[in-house]
Structure formats: structure tokens, C-alpha cells
$ cat my_file22.cif   # mmCIF, C-alpha atoms
data_input
#
loop_
_atom_site.label_atom_id
_atom_site.label_comp_id
_atom_site.auth_asym_id
_atom_site.auth_seq_id
_atom_site.Cartn_x
_atom_site.Cartn_y
_atom_site.Cartn_z
CA MET A 1 0.00 0.00 0.00
CA ILE A 2 1.37 3.40 -1.02
CA ASP A 3 -0.46 6.50 0.19
CA LYS A 4 0.72 9.49 -1.85
CA ARG A 5 0.74 12.80 0.02
CA PRO A 6 1.18 15.68 -2.43
CA PHE A 7 3.27 18.60 -1.23
CA ALA A 8 0.50 21.07 -2.12
CA GLY A 9 -1.88 19.33 0.30
CA LEU A 10 0.41 19.29 3.34
CA GLY A 11 -0.34 21.32 6.44
CA GLY A 12 2.03 24.08 7.35
CA ALA A 13 2.74 27.55 8.65
CA ASP A 14 4.41 30.74 7.45
CA HIS A 15 6.22 32.61 10.22
CA GLY A 16 8.04 34.96 7.86
CA TRP A 17 11.54 33.78 8.75
CA LEU A 18 10.31 30.15 8.61
CA LYS A 19 8.11 28.56 5.97
CA ALA A 20 7.22 25.05 7.11
CA LYS A 21 5.26 22.17 5.62
CA HIS A 22 4.31 19.22 7.82
CA HIS A 23 3.86 15.67 6.51
CA PHE A 24 2.38 14.76 9.92
CA SER A 25 0.53 16.64 12.65
CA PHE A 26 2.86 19.18 14.22
CA ALA A 27 2.51 22.33 16.32
CA GLY A 28 -0.59 24.22 15.12
CA TYR A 29 -1.36 21.71 12.35
CA HIS A 30 -3.46 18.76 13.52
CA ASP A 31 -4.79 15.92 11.39
CA PRO A 32 -5.95 12.86 13.38
CA LYS A 33 -5.25 10.66 10.34
CA ARG A 34 -1.63 11.82 10.19
CA MET A 35 -0.29 11.48 13.72
CA GLY A 36 2.70 9.44 12.59
CA TRP A 37 3.72 6.41 10.56
CA GLY A 38 4.92 3.55 12.71
CA SER A 39 7.62 5.03 14.94
CA LEU A 40 8.08 7.97 12.52
CA ARG A 41 6.43 10.92 14.22
CA VAL A 42 7.49 14.10 12.35
CA TRP A 43 8.70 15.01 8.85
CA ASN A 44 8.96 18.76 8.45
CA ASP A 45 9.99 20.52 5.24
CA ASP A 46 11.49 23.80 6.49
CA GLN A 47 12.73 26.87 4.62
CA ILE A 48 14.70 29.10 7.01
CA ALA A 49 15.54 32.68 6.06
CA ALA A 50 19.13 33.93 6.18
CA GLN A 51 20.37 35.07 9.60
CA SER A 52 17.45 33.54 11.49
CA GLY A 53 16.55 30.28 13.17
CA PHE A 54 15.15 28.43 16.15
CA PRO A 55 16.24 29.88 19.53
CA PRO A 56 17.08 27.51 22.42
CA HIS A 57 14.27 25.10 23.23
CA PRO A 58 13.99 21.70 24.98
CA HIS A 59 13.50 18.16 23.70
CA ALA A 60 13.31 14.76 25.42
CA ASP A 61 12.81 11.15 24.31
CA MET A 62 13.02 11.70 20.57
CA GLU A 63 15.52 10.90 17.81
CA ILE A 64 15.81 14.05 15.67
CA ILE A 65 17.50 13.79 12.28
CA THR A 66 18.19 16.91 10.20
CA TYR A 67 18.86 16.44 6.48
CA VAL A 68 20.17 19.65 4.93
CA ARG A 69 18.88 20.14 1.36
CA ALA A 70 20.37 23.59 0.67
CA GLY A 71 22.51 26.03 2.63
CA ALA A 72 23.70 25.03 6.09
CA ILE A 73 22.39 24.80 9.64
CA THR A 74 24.39 25.68 12.77
CA HIS A 75 23.57 23.72 15.92
CA GLN A 76 24.44 24.49 19.53
CA ASP A 77 23.16 22.76 22.66
CA SER A 78 23.24 22.59 26.44
CA LEU A 79 25.96 19.90 26.32
CA GLY A 80 28.36 22.39 24.73
CA ASN A 81 28.17 20.89 21.25
CA LYS A 82 28.35 23.27 18.30
CA GLY A 83 28.55 22.39 14.62
CA ARG A 84 27.67 23.53 11.12
CA THR A 85 26.03 20.99 8.80
CA GLU A 86 26.06 21.72 5.07
CA ALA A 87 23.78 20.70 2.21
CA GLY A 88 23.79 16.96 1.62
CA ASP A 89 25.01 16.22 5.14
CA VAL A 90 23.14 14.99 8.19
CA GLN A 91 23.03 15.69 11.92
CA VAL A 92 21.41 13.56 14.60
CA MET A 93 20.31 14.45 18.12
CA SER A 94 19.21 11.78 20.58
CA ALA A 95 17.30 13.91 23.07
CA GLY A 96 17.23 11.17 25.73
CA SER A 97 16.46 12.40 29.23
CA GLY A 98 16.49 16.01 28.03
CA ILE A 99 18.50 18.58 26.11
CA ARG A 100 18.17 22.21 25.03
CA HIS A 101 19.38 23.20 21.60
CA ALA A 102 19.21 25.98 19.02
CA GLU A 103 19.44 25.78 15.24
CA TYR A 104 20.34 28.84 13.19
CA ASN A 105 20.81 29.66 9.55
CA LEU A 106 23.86 31.91 9.75
CA GLU A 107 24.32 31.81 5.97
CA PRO A 108 23.71 34.70 3.51
CA ASP A 109 20.93 32.75 1.74
CA GLU A 110 17.92 30.62 2.66
CA THR A 111 18.55 27.17 4.16
CA ARG A 112 16.23 24.26 3.38
CA ILE A 113 16.04 21.16 5.57
CA PHE A 114 14.03 18.04 6.22
CA GLN A 115 13.68 17.50 9.96
CA ILE A 116 12.64 13.98 10.87
CA TRP A 117 11.62 12.81 14.34
CA ILE A 118 11.48 9.11 15.21
CA GLU A 119 10.33 7.73 18.55
CA PRO A 120 13.13 5.92 20.43
CA SER A 121 12.92 2.24 21.34
CA THR A 122 13.48 3.11 25.03
CA THR A 123 13.09 6.38 26.90
CA GLY A 124 15.69 8.24 28.94
CA GLY A 125 19.43 7.90 28.63
CA ALA A 126 22.11 10.53 28.19
CA PRO A 127 21.43 12.97 25.32
CA THR A 128 23.89 13.04 22.42
CA TRP A 129 24.50 14.97 19.20
CA GLY A 130 26.55 14.15 16.12
CA ALA A 131 26.98 15.12 12.46
CA LYS A 132 28.66 13.53 9.47
CA PRO A 133 29.31 14.44 5.82
CA PHE A 134 27.82 12.13 3.22
CA PRO A 135 29.19 13.13 -0.20
CA LYS A 136 26.51 12.90 -2.86
CA ASP A 137 28.92 11.13 -5.20
CA ASP A 138 29.01 8.22 -2.75
CA ARG A 139 25.24 7.73 -2.96
CA ALA A 140 24.88 8.19 -6.71
CA GLY A 141 22.85 5.28 -7.98
CA ARG A 142 22.47 3.58 -4.61
CA PHE A 143 20.86 4.00 -1.23
CA VAL A 144 23.28 4.97 1.54
CA THR A 145 22.28 4.61 5.18
CA LEU A 146 22.70 8.01 6.84
CA ALA A 147 21.38 7.27 10.33
CA SER A 148 20.40 3.95 11.84
CA GLY A 149 19.65 1.98 14.95
CA ARG A 150 19.67 -1.35 13.09
CA PRO A 151 22.45 -3.95 13.40
CA GLY A 152 25.24 -3.79 10.86
CA ASP A 153 24.85 -0.12 9.91
CA ASP A 154 28.15 0.83 11.50
CA ASP A 155 29.00 3.63 9.03
CA ALA A 156 25.78 5.53 9.76
CA LEU A 157 25.12 8.07 12.49
CA PRO A 158 23.62 6.12 15.43
CA ILE A 159 20.02 6.55 16.54
CA ARG A 160 18.25 4.74 19.39
CA THR A 161 15.40 3.21 17.44
CA ASP A 162 14.64 0.36 15.06
CA ALA A 163 14.83 2.54 11.97
CA ARG A 164 17.04 3.65 9.10
CA VAL A 165 17.27 7.00 7.32
CA LEU A 166 18.65 6.59 3.80
CA GLY A 167 19.53 8.89 0.92
CA ALA A 168 20.23 8.42 -2.78
CA THR A 169 20.77 10.45 -5.91
CA ILE A 170 19.38 8.88 -9.07
CA ARG A 171 19.95 9.87 -12.68
CA ALA A 172 16.94 10.10 -15.00
CA GLY A 173 16.01 6.66 -16.28
CA GLU A 174 17.80 4.76 -13.51
CA THR A 175 16.00 2.46 -11.05
CA LEU A 176 16.98 1.65 -7.47
CA ASP A 177 15.57 -1.28 -5.51
CA TYR A 178 15.23 -1.46 -1.74
CA PRO A 179 14.07 -4.64 0.05
CA LEU A 180 11.34 -4.06 2.59
CA SER A 181 9.51 -6.30 5.03
CA PRO A 182 5.71 -5.93 4.66
CA ASP A 183 5.34 -5.11 8.36
CA ARG A 184 7.70 -2.12 8.17
CA HIS A 185 6.59 1.51 7.76
CA ALA A 186 8.51 3.31 5.02
CA TYR A 187 8.21 6.97 4.11
CA LEU A 188 9.88 8.39 1.01
CA VAL A 189 10.22 12.00 -0.15
CA PRO A 190 12.08 13.29 -3.21
CA ALA A 191 14.15 16.26 -2.07
CA ALA A 192 14.48 17.15 -5.76
CA GLY A 193 13.25 15.70 -9.03
CA ALA A 194 10.41 13.31 -9.86
CA VAL A 195 10.35 9.54 -9.32
CA GLU A 196 8.02 6.58 -9.55
CA VAL A 197 7.83 4.33 -6.48
CA ASN A 198 6.31 0.96 -7.38
CA GLY A 199 4.57 2.78 -10.23
CA VAL A 200 3.29 5.73 -8.14
CA ARG A 201 4.59 9.11 -9.31
CA LEU A 202 6.06 11.49 -6.74
CA ASP A 203 7.17 15.00 -7.60
CA ALA A 204 9.68 16.96 -5.55
CA ARG A 205 8.67 17.21 -1.88
CA ASP A 206 5.65 14.88 -2.23
CA GLY A 207 5.52 12.14 0.40
CA ALA A 208 4.68 8.45 0.13
CA ALA A 209 3.61 6.43 3.19
CA ILE A 210 4.34 2.80 2.43
CA THR A 211 3.49 -0.47 4.21
CA GLY A 212 2.57 -4.01 3.18
CA GLU A 213 5.18 -3.97 0.39
CA THR A 214 7.97 -6.54 -0.03
CA GLY A 215 10.26 -4.04 -1.71
CA LEU A 216 10.53 -0.65 -3.33
CA SER A 217 11.42 0.04 -6.95
CA VAL A 218 12.33 3.71 -7.33
CA ARG A 219 12.64 4.91 -10.94
CA ALA A 220 13.88 8.43 -11.64
CA LEU A 221 11.75 10.30 -14.17
CA GLU A 222 14.35 13.08 -14.01
CA ASP A 223 17.54 13.54 -12.03
CA ALA A 224 16.40 13.11 -8.44
CA GLU A 225 17.51 13.12 -4.82
CA VAL A 226 15.42 11.00 -2.44
CA VAL A 227 15.26 10.49 1.31
CA LEU A 228 13.75 7.29 2.75
CA VAL A 229 12.87 6.28 6.31
CA ASP A 230 12.44 2.56 7.03
CA ALA A 231 10.83 2.33 10.49
CA ALA A 232 9.18 -0.22 12.74
#
$ encode --input "my_file22.cif" --output "C-alpha cells"
Amino acid sequence: MIDKRPFAGLGGADHGWLKAKHHFSFAGYHDPKRMGWGSLRVWNDDQIAAQSGFPPHPHADMEIITYVRAGAITHQDSLGNKGRTEAGDVQVMSAGSGIRHAEYNLEPDETRIFQIWIEPSTTGGAPTWGAKPFPKDDRAGRFVTLASGRPGDDDALPIRTDARVLGATIRAGETLDYPLSPDRHAYLVPAAGAVEVNGVRLDARDGAAITGETGLSVRALEDAEVVLVDAA
């Protein structure tokens, strides 16, 4: 089953400095049919104006993955961590028992991110933060695991949940396959370009909620960049 969720139909908010679209219920947007997808709780498509951002605020018991699509995001938190994550790269925060952090776009141009929240397998624990570059050349024509709590994904940023976050760049006409257990909850969004997923067309920033499938066949209708979450 593939439930297509067109970008134009997503909930959202325009705060001036922040233009946000929400694939699931978030903040002032509530849809009882879109409270999450398995352990995936939030997928926000954020456009952050230059020299602005989210001031310090708390989180607890959530795995928060930030995929930078354009520009860069600068993170700082109550543990003393500070880092700048550029387009194509990923940062992960395991909020654990509690952490305060801020995220700013200190760049001269707009920054665009996907922020993905996944519920942890267990609550509590010491909070952590980490970031890692993932060159797009390395994921050309294949899925690369960016963050994971599944066994064997040692090269990915660690998260405390039975889930993977993957990325790929696909040239027009190419097809990528991804094996999937029918009881898993997958969610796929093209960051750029148009694709077909098991025959269902997705344009840039559309979402597809997927379950009951034994695998995914992702065909690029044009040069595309896709992000996939495979969650319990």
C-alpha cells in the first residue's frame, strides 16, 4: 500500500523567517489521520531565512535527524556541542532524558532542511549529538544509510530506534531497488526531481507512506535526490 501525500496538500505555517510544511501533525497543524507512521512521528519541510533560526528550546525522548537540502544549519546545545552541517550532510540528536538546543541559519541565503523525528525504542538515557558528511557522489545510484539503529549499519550516524534513514541520488532513467519487510513503515520524499515508487509518481517534496510492500522500486523520471525512512 502506497499513500501518496502531495506537497501542495500538506499542512504548514508561514512565520516569515520560517516557511514550514508538515507531513504529519505538528505544532498548530493537527490531522488525526496523520499522527505518525509507525515510529516515525514528524517530517517537516522547512525553509529558514538567512540570519534567522530556532532559539534555544527543549526536547526529550526523541531521535531528531536533520537532512540539509540547501545552505547550512548551525547547531548548539546545552551539552556544549556546536557544529555547522552543510547541504547533503546529516546531523542527529538523541534527546534522551532532556537537552536544550538551538538551530540557526547563519548563511547569507535561505537554508532548506528536512527535519525527521522518530520515537526511540526506550526512553531516557544521556542525550547526544553528532553530524557527518555524506558526499553525494558516494550515494549516486544507490541507497546509503545516513542514520540507523539497526544492526550492521556501522558507518551511519547512530540513533536509538529500530529505523534507518537513507539517501540516494538517481539519474533520469535509472531504477533503485530497496528490500522491505511488509510489516515495516517506510516513508519516502524526493528532495528534488520526480520519481516513480512501485509505479506511483512522486514529484519533488511529495511524500509516500508505504506499508505491506515486499520491496521498493524507485525509478527516476528526471535527475532526483530521495530520502527514505524505514521504520518499525
$ closest_residue --input "my_file22.cif" --among "A:Trp43, A:Tyr29, A:Phe134, A:Tyr67" --to "Tyr187 of chain A" --atoms "all atoms listed in the file"
A:Trp43
$ closest_residue --input "my_file22.cif" --among "A:Asp3, A:Asp89, A:Glu107, A:Asp77" --to "Glu213 of chain A" --atoms "all atoms listed in the file"
A:Asp3
$ residues_around --input "my_file22.cif" --residues "Thr85 of chain A" --least-positions-apart "5" --cutoff "9 Å" --atoms "only C-alpha atoms" --output "PyMOL selection string"
chain A and resi 66-68+71-75+90-91+131-133
$ atom_distance --input "my_file22.cif" --atom1 "atom CA of Leu216 of chain A" --atom2 "atom CA of Glu196 of chain A"
9.9 Å
$ resolve_selection --input "my_file22.cif" --expression "the PyMOL selection byres ((chain A and resi 24) around 8)" --output "list in words"
Gly11, His22, His23, Ser25, Phe26, His30, Asp31, Arg34, Met35, Gly36, Arg41, Val42, Trp43 and Asn44 of chain A
$ write_last_selection --input "my_file22.cif" --atoms "C-alpha atoms" --output "PDB file, keeping the file's coordinate frame"
ATOM      1  CA  GLY A  11      -0.340  21.320   6.440  1.00  0.00           C
ATOM      2  CA  HIS A  22       4.310  19.220   7.820  1.00  0.00           C
ATOM      3  CA  HIS A  23       3.860  15.670   6.510  1.00  0.00           C
ATOM      4  CA  SER A  25       0.530  16.640  12.650  1.00  0.00           C
ATOM      5  CA  PHE A  26       2.860  19.180  14.220  1.00  0.00           C
ATOM      6  CA  HIS A  30      -3.460  18.760  13.520  1.00  0.00           C
ATOM      7  CA  ASP A  31      -4.790  15.920  11.390  1.00  0.00           C
ATOM      8  CA  ARG A  34      -1.630  11.820  10.190  1.00  0.00           C
ATOM      9  CA  MET A  35      -0.290  11.480  13.720  1.00  0.00           C
ATOM     10  CA  GLY A  36       2.700   9.440  12.590  1.00  0.00           C
ATOM     11  CA  ARG A  41       6.430  10.920  14.220  1.00  0.00           C
ATOM     12  CA  VAL A  42       7.490  14.100  12.350  1.00  0.00           C
ATOM     13  CA  TRP A  43       8.700  15.010   8.850  1.00  0.00           C
ATOM     14  CA  ASN A  44       8.960  18.760   8.450  1.00  0.00           C
TER      15      ASN A  44
END
$ closest_residue --input "my_file22.cif" --among "A:Ile159, A:Ala172, A:Ala231, A:Pro179" --to "Arg219 of chain A" --atoms "only C-alpha atoms"
A:Ala172
$ resolve_selection --input "my_file22.cif" --expression "the PyMOL selection byres ((chain A and resi 70) around 9)" --output "ChimeraX atom specification"
/A:68-69,71-72,86-88,110-113
$ closest_residue --input "my_file22.cif" --among "A:Leu202, A:Ala220, A:Leu228, A:Met62" --to "Arg160 of chain A" --atoms "all atoms listed in the file"
A:Met62
$ atom_distance --input "my_file22.cif" --atom1 "atom CA of Pro56 of chain A" --atom2 "atom CA of Glu103 of chain A"
7.8 Å
$ residues_around --input "my_file22.cif" --residues "segment 136-138 of chain A" --least-positions-apart "2" --cutoff "9 Å" --atoms "only C-alpha atoms" --output "mmCIF file with C-alpha atoms, in the frame of the given file"
data_model
loop_
_atom_site.group_PDB
_atom_site.id
_atom_site.type_symbol
_atom_site.label_atom_id
_atom_site.label_comp_id
_atom_site.auth_asym_id
_atom_site.auth_seq_id
_atom_site.Cartn_x
_atom_site.Cartn_y
_atom_site.Cartn_z
ATOM 1 C CA GLY A 88 23.790 16.960 1.620
ATOM 2 C CA ASP A 89 25.010 16.220 5.140
ATOM 3 C CA PHE A 134 27.820 12.130 3.220
ATOM 4 C CA ALA A 140 24.880 8.190 -6.710
ATOM 5 C CA GLY A 141 22.850 5.280 -7.980
ATOM 6 C CA ARG A 142 22.470 3.580 -4.610
ATOM 7 C CA VAL A 144 23.280 4.970 1.540
ATOM 8 C CA GLY A 167 19.530 8.890 0.920
ATOM 9 C CA ALA A 168 20.230 8.420 -2.780
ATOM 10 C CA THR A 169 20.770 10.450 -5.910
#
$ closest_residue --input "my_file22.cif" --among "A:Lys4, A:Ser121, A:Ser181, A:Ala186" --to "Asp203 of chain A" --atoms "all atoms listed in the file"
A:Lys4
$ resolve_selection --input "my_file22.cif" --expression "the PyMOL selection byres ((chain A and resi 150) around 7)" --output "VMD selection string"
chain A and resid 148 to 149 151 to 153 162 to 164
$ closest_residue --input "my_file22.cif" --among "A:Ile170, A:Ala13, A:Leu188, A:Ala126" --to "Gly28 of chain A" --atoms "only C-alpha atoms"
A:Ala13
$ atom_distance --input "my_file22.cif" --atom1 "atom CA of Gly98 of chain A" --atom2 "atom CA of Gly125 of chain A"
8.6 Å
$ residues_around --input "my_file22.cif" --residues "Thr122 of chain A" --least-positions-apart "5" --cutoff "9 Å" --atoms "only C-alpha atoms" --output "PDB file with C-alpha atoms, in the frame of the given file"
ATOM      1  CA  ASP A  61      12.810  11.150  24.310  1.00  0.00           C
ATOM      2  CA  GLY A  96      17.230  11.170  25.730  1.00  0.00           C
ATOM      3  CA  ARG A 160      18.250   4.740  19.390  1.00  0.00           C
ATOM      4  CA  THR A 161      15.400   3.210  17.440  1.00  0.00           C
TER       5      THR A 161
END
$ residues_around --input "my_file22.cif" --residues "Ala95 of chain A" --least-positions-apart "2" --cutoff "12 Å" --atoms "all atoms listed in the file" --output "count of residues only"
34
$ residues_around --input "my_file22.cif" --residues "Val195 of chain A" --least-positions-apart "6" --cutoff "10 Å" --atoms "only C-alpha atoms" --output "JSON, numbers by chain"
{"A": [170, 172, 173, 174, 175, 189, 201, 202, 203, 204, 217, 218, 219, 220, 221, 222, 223, 224, 225, 226]}
